[in-house]
Amino acid sequence: MSSHRLSGEGAIQRDRTLSFTFDRRGYTGHPGDTLASALLASGVRLLGRSFKYHRPRGLLSAGSEEPNALVELRAGARREPNTRATMIELFDGLTARSQNRWPSLAFDAGAVNSLLSRLFVAGFYYKTFMWPAAWWERLYEPAIRRAAGLGRASREADPDTYEKAHAFCDLLVIGGGPAGLAAALTAGRAGARVILCDEDFLLGGRLNGDRHQIGGESGALWARRSEAELRSLPEVRLLTRTTVFGVYDGSTFAALERVSDHVSVPRPHQPRQRLWKIVARRAVLAAGALEHPIVFGGNDRPGVMLASAVRTYVNRFRVAPGRRIALFTACDDGWKTAFDLLEARIDVPVIIDARREIPPALRAQGSRHGVRIMTGAHVLGTRGGKGVEAIEVRGEDGRVSRVRADSLAVAGGWSPNTALSTHLGGRPRWSEAIGAHVPGDLPRGMTAVGAACGELALAGALRTGAAAGREAAGSAGLEAPLEQWRTEEEPVGFARRWSVSGHRGKAFVDYQHDVTVEDIEIAAREGFRCAEHLKRYTTLGMGTDQGRTSQLNGHALLATLTQREPADMGTICARPPYTPVAIAALAARARGPQFKPCRLTPSHRWAEERGAVLVDAGEWRRARWFPLTGEADWRSTVAREVAGVRAGVGICDVSTLGKIDVQGADAGAFLDRIYANMIATLPVGRTRYGIMLREDGIVLDDGTVARLGECHFLLSTSTIHAGRVMRHLTHARQVLWPQLDVQLVSVTEQWAQMAIAGPHSRELLMRVLGDAVDVSGPRFPYLACQEFLWLGRPARLFRISFSGELGYELAVPARYGESAVRALMAAGGTLGVVPYGTEALGVMRIEKGHAAGAEINGTTTAADLGLGRLVSARKDFIGRVLAARPGLAAADRPALIGLTPVERSARLSTGAHLLRPGAPATLSHDEGFISSTAFSPTLRHWVGLGFLSRGRERIGERMRAYDPLRGEDVQVEIAHPVFYDPAGERVRS
Amino acid sequence: MRIECPFCGERDHSEFAYFGDAACARPAPGAADAQARFVEAVYLRENPAGAHRELWYHEFGCRSWLQVTRDTRTHEILEVRLARESTAP
Ligand SMILES: [Zn+2]
C-alpha cells in the first residue's frame, strides 16, 4: 500500500489491486479509484503543464469541473487526449500520459513561455502578432501551435463502436446526489417511470465525499441503500457514468453513457459509448453545485486544491492529498475539510478564514483540536518548486507570515451548477442569499432542486428533491407520499471572497486557459465590461472545462474593477454540450456503409452474380456496368453495352425511378394542375411524357404518366426526385386542393421495372410473355400501356424508351423482379441480349438529348430545356403564372444545346464554360456551360449537352469550351441536342 | 422539438419536413394581378417573433401535411391540425 493511502473504508475495494502506468511509470490502485485518486495515493501530484505558460499543474478538483489534470488516455488507435484524470475510472492496464510538455513533465522547455508572459496577456491574439502580417503564417502561428496546445488525437481509425438509444419517462433526474436520489425515490416508489443519470460511476454525489448522517446512518450508506432500492423498482432506470449534456425543445434531453470507458477494451458486442435521447414528461435538475477557488498568488501550484475535493479524496478514496494541509476558507463549509483531515490524523497547520467573525461553534471545535485559527486573514501567495512548500498569509493586523504546508485547501463558496438550465435560453439569476447565480427561468417541465437551486444544506436538498419527485409523479397521475429524512443541522454562513488584494506572484482565474488577474485588469482597462466580451477577449471560460471553476471569480473581479456589484454583471449562458462529447458518439452507427440506408434493386443478386460494378445513385445501389473478361477498361464495356442495345436488345433495371399511383374521380383534373402539359385528355391505355414545375416556374421533374383506367394513373419520376415529387403531390392534394377526389400512394418499392430496349426488344417480349399480352406493332404502338396477368401474376407493360430505340418497360411485383430478369435473359440468349447499367443508360440519353438531373437542376425553365411546346396554354397548373415572369421568359436565357468537339478526338468536360473564340476567359464573357458529356460509341466521338445564351439560334457556331479547373480549352461546335435519330423513327418502329 | 400528429401522436421533429408559412394560400390564377400575388405568395414571408402558423409534412410517418402553430421564440407548439381541414373552402 502506498504511503498516501489512509486506512478505513471509503468507496474503494482494497481487496483488489489494479496496475496502471502514467508517463511510462507503473503504479497501483484499487477498483473505485479514479486515475486522479490513484495517482494522488501514489504521491504523484504533478499531472500536467498549463496551456500558455507551461506551469506545473496538479489536481484542483475531484470531479468533471477539473481544469488542470488533462491527460492522454490509452495508446494507439484508442488514444484520447484531454481526458480529465478526475473522471477516469481506474482499470487494470490503464495507460496515461501527461500532455503539453516537452521533453518531460518535470523539465519542460516550454516553461520559457512564462518568461515571455508579457506577450501572452489578454487579447494577445489580437495584438501581439498583428505585424508584420506575413510573419503570422510563417512564424507566429506554427510557434504558438507548438507551444500552446492540448493533447494529440490518434491518427488511426477509431476501432470502437458507438450506438444510440431512445428512452421515454415520466421523470428524468439529472444528478444522483442526495436531492436527485430523494426525487427518484419519491417518484419511483409511486410507480413513476424514472430515469436517473449521473456522470459519476458511484451514486451519492457529496454524500460520498462528505461525512453526513441521514436517519441515523452515514450518508454514503444511505446512498448505497437508496441505489439498491431504486434498482429493485421495475420502472426505474439508473444510468451511472452518464452525463446529460444537452437540453432541447419538447422536453428532449441528450445524455452520453460511457459504457466501456472503465474497462481496457469494450466487452464483446458492447459499444464504447451510448448516446441517449431521452424524452421526459418532467425533469429534475439535481446537478449540485461547484465549489470555486479564491484567487491569490501562486494559486495554481500543485497542492492547492478545492477544499471539497480534499474531503472527497480523504473520505471517498481514503487518500491523503498531503501530509500538512492548510485551509483557506471564506465560508463555514470549508471548515469541514479541516475537521475531516484532523479526523484522518492529517496535520492541519492553520485554518485561515477570510472572515473576521466566525461562528463560535466552529472556533470551539477547531480549538478542541488545537489548530491555529487565523480570522480576517488572507493567503497572498504560495512558495515551492513543483508543489506547495509554504504559504504566505496576511493576518488581520496586516502582518505577513509564512506557514509551512505541503498543500492548501481552498473554500471560496459554492455556485449552483446552472449549465443545463440555460440551454433553452434561460438566464441565471443572482442570489444574494448564497452569493452566486441560481437557475433563472427553467424550461417547461424542469425543476431545480438541492444545491443546483441554491439549497446548499443536505436537509434542503432532500426536501426539495422529494417535493419535485412527488410533483412529477402527480403529473403522471400517480400519488406519492412526501418522503422525509432526518439530518443534522449544518452551518452555511459565508462571506464572498473572489480574490485577494496584494497577492504575490501570478494569480490565476482560469487555470485551463491561464487567464490571470492581470488579464482581467487589462480587459477592464480596455473597456470590456460585459461577461461575454470578457470571455472572448481573455478566453476566460473557453477551455474544455468551460470555466466551471473560473467564471464566477472572473466576473466578480471585473465587477469590482468596474465598480459594480456581481449581481449587476450578469453571467454567460452555457450551451450544449455540458462536457465534451466524442463526434463518434453523435454519429453512432451512421458510419461507413451504415452512413445512410442503402436500397437494393430487385435484380441486385442477379447483377452481382454477373459481376456488375455497382454505384450508389441517390439512395439506391445500382449496376453501373457489366464487365466481361478480356475487356480493357470500363469504356469498352460501356461501348459494348450501348452497341448491343442499338443493334440488338438490352435489359436494364429501372425500378429505382419513382412510381406514384394516383386514383380517384378527380385524378385527371388533379394531374392537369400538377403537370405543365395536358393529362386529362390522355386515353386509357396510353402513356405521355410530362413535366411538372415548381410554383416559381422552374422545372421540378419530368417523367411519364400512364393511364391504366378512367380514374387510375401511374406516374414515374426521376430516381433522385422521387421523394420530393411525392411531397409536392401530397402538398397539392392536402393543402392546395383538399376538395378533389384523388388518392396518392408511392409504389416505387412495390414494383420491379425492367427496360427492354433495342430493335429486337419486341421479339424478346413475344418470347417471354407469350400470349399474356399482344405486343405486336399495331396492337401495342409507341406509348401504349397495359395491365395483364403473366404466369398468374399482375404485370404491366409500357412502350416507352429512354434510349431512343424501340423499347418497353415491363413491371412485375417487386419480389418477382429477379425471376423476370432471369426469364428475359434466358429467352434472349439467341438474340444476343445484353444487360446494361447506368453508364450506358446515361450515354444513350445524352446521344438522344434527353434532359436529366444535370439539366433539370433547379434553375431551368421548360423553355430552357427545349420543352416549351409541352406547356399548355389551355389550363392553369402549378408554376404557370410565375413561369411567365419577364426574367424566366427572356429570349437570351441559356437554352439546351448539343456540343461536339471540332477536333473529333478531343474530349469534352462537364463544367467547362462556353466562350466566343478569342474572348478573354472572364465572367462577363461567359455565355454558357457544359452540363453533361459522354463518349458516344455510336458516333465515335465525344458529345455534350449544355446551356448557351440564345442557344437554339446558334446551331453550327463554334465556341471555346474553357475548363480552368482541368486546364482544358477545346473548340466545340454548337449542335442540335438530339445527336441520334433526331426524327425519332426508331422508337416508333 | 416534438410535434403531436393527429394520426400518429407525439413524434420527434426529425420525422417531419418543414415547409414554411402556412398563411400564404395559392392566389386565384386568373386574377388580373395574378403575377404580383403569386410573387407575394411564393417569396414574401412574415417573420414574427411569437406565434407562427406553418406547414410541416410528416414525411417519415403518415405523410400528412400539418398546420402547426409554433412560438418562434420558444419553439413551443401551440396547436397542430391537419392542413386540409385548415384550408378547405
Ligand atoms: Zn403522422
# chains A, B, ... in the order shown; residues from 1 in each chain; ligands from 1

$ residues_around --residues "Pro48 in chain B" --least-positions-apart "3" --cutoff "9 Å" --atoms "only C-alpha atoms" --output "count of residues only"
4

$ interface_residues --of "chain B" --to "chain A" --cutoff "6 Å" --atoms "only C-alpha atoms" --output "list in words"
Met1, Arg2, Gln35, Ala83 and Arg84 of chain B

$ residues_near_ligand --ligand "ligand 1" --cutoff "7 Å" --atoms "only C-alpha atoms and all ligand atoms" --output "JSON, numbers by chain"
{"B": [5, 6, 7, 8, 58, 61, 62, 63, 64]}

$ write_last_selection --atoms "C-alpha atoms" --output "JSON list (two decimals), in the first residue's frame"
[["chain", "number", "residue", "atom", "x", "y", "z"],
["B", 5, "CYS", "CA", -49.51, 14.47, -35.27],
["B", 6, "PRO", "CA", -53.31, 13.99, -35.22],
["B", 7, "PHE", "CA", -52.80, 10.50, -36.67],
["B", 8, "CYS", "CA", -49.53, 9.31, -35.17],
["B", 58, "HIS", "CA", -45.00, 14.10, -41.59],
["B", 61, "GLY", "CA", -44.82, 8.96, -40.69],
["B", 62, "CYS", "CA", -48.30, 9.16, -42.15],
["B", 63, "ARG", "CA", -47.43, 11.73, -44.88],
["B", 64, "SER", "CA", -49.95, 14.19, -43.55]]

$ residues_around --residues "range 809-814 of chain A" --least-positions-apart "2" --cutoff "9 Å" --atoms "only C-alpha atoms" --output "ChimeraX atom specification"
/A:601-602,654-655,749-757,790,793-801,807,816-818,820

$ residues_around --residues "Gly10 in chain A" --least-positions-apart "2" --cutoff "9 Å" --atoms "only C-alpha atoms" --output "list in words"
Ser7, Gly8, Ile12, Gln13, Asn208, Gly209, Ala220, Val314, Asn315, Arg316, Phe317 and Arg318 of chain A

$ closest_residue --among "B:Glu59, B:Ala23, B:Phe16, B:Ala32" --to "Leu44 in chain B" --atoms "only C-alpha atoms"
B:Ala23

$ residues_around --residues "Cys573 in chain A" --least-positions-apart "4" --cutoff "8 Å" --atoms "only C-alpha atoms" --output "JSON, numbers by chain"
{"A": [419, 422, 423, 425, 426, 427, 428]}

$ write_last_selection --atoms "N, CA and C atoms" --output "PDB file, in the first residue's frame"
ATOM      1  N   ALA A 419     -25.657  25.062 -15.613  1.00  0.00           N
ATOM      2  CA  ALA A 419     -25.450  24.959 -17.071  1.00  0.00           C
ATOM      3  C   ALA A 419     -26.687  24.455 -17.818  1.00  0.00           C
ATOM      4  N   THR A 422     -29.724  26.713 -18.834  1.00  0.00           N
ATOM      5  CA  THR A 422     -29.628  27.820 -19.798  1.00  0.00           C
ATOM      6  C   THR A 422     -29.652  27.354 -21.249  1.00  0.00           C
ATOM      7  N   HIS A 423     -29.699  26.043 -21.473  1.00  0.00           N
ATOM      8  CA  HIS A 423     -29.586  25.552 -22.851  1.00  0.00           C
ATOM      9  C   HIS A 423     -30.732  26.018 -23.737  1.00  0.00           C
ATOM     10  N   GLY A 425     -32.175  28.939 -23.330  1.00  0.00           N
ATOM     11  CA  GLY A 425     -32.243  30.400 -23.319  1.00  0.00           C
ATOM     12  C   GLY A 425     -32.485  31.022 -21.962  1.00  0.00           C
ATOM     13  N   GLY A 426     -32.663  30.193 -20.918  1.00  0.00           N
ATOM     14  CA  GLY A 426     -32.852  30.748 -19.581  1.00  0.00           C
ATOM     15  C   GLY A 426     -31.610  31.494 -19.123  1.00  0.00           C
ATOM     16  N   ARG A 427     -31.800  32.508 -18.298  1.00  0.00           N
ATOM     17  CA  ARG A 427     -30.674  33.295 -17.796  1.00  0.00           C
ATOM     18  C   ARG A 427     -30.537  33.047 -16.302  1.00  0.00           C
ATOM     19  N   PRO A 428     -29.343  32.711 -15.821  1.00  0.00           N
ATOM     20  CA  PRO A 428     -29.176  32.543 -14.376  1.00  0.00           C
ATOM     21  C   PRO A 428     -29.493  33.855 -13.655  1.00  0.00           C
TER      22      PRO A 428
END

$ atom_distance --atom1 "CA of Gly668 in chain A" --atom2 "CA of Val684 in chain A"
11.2 Å
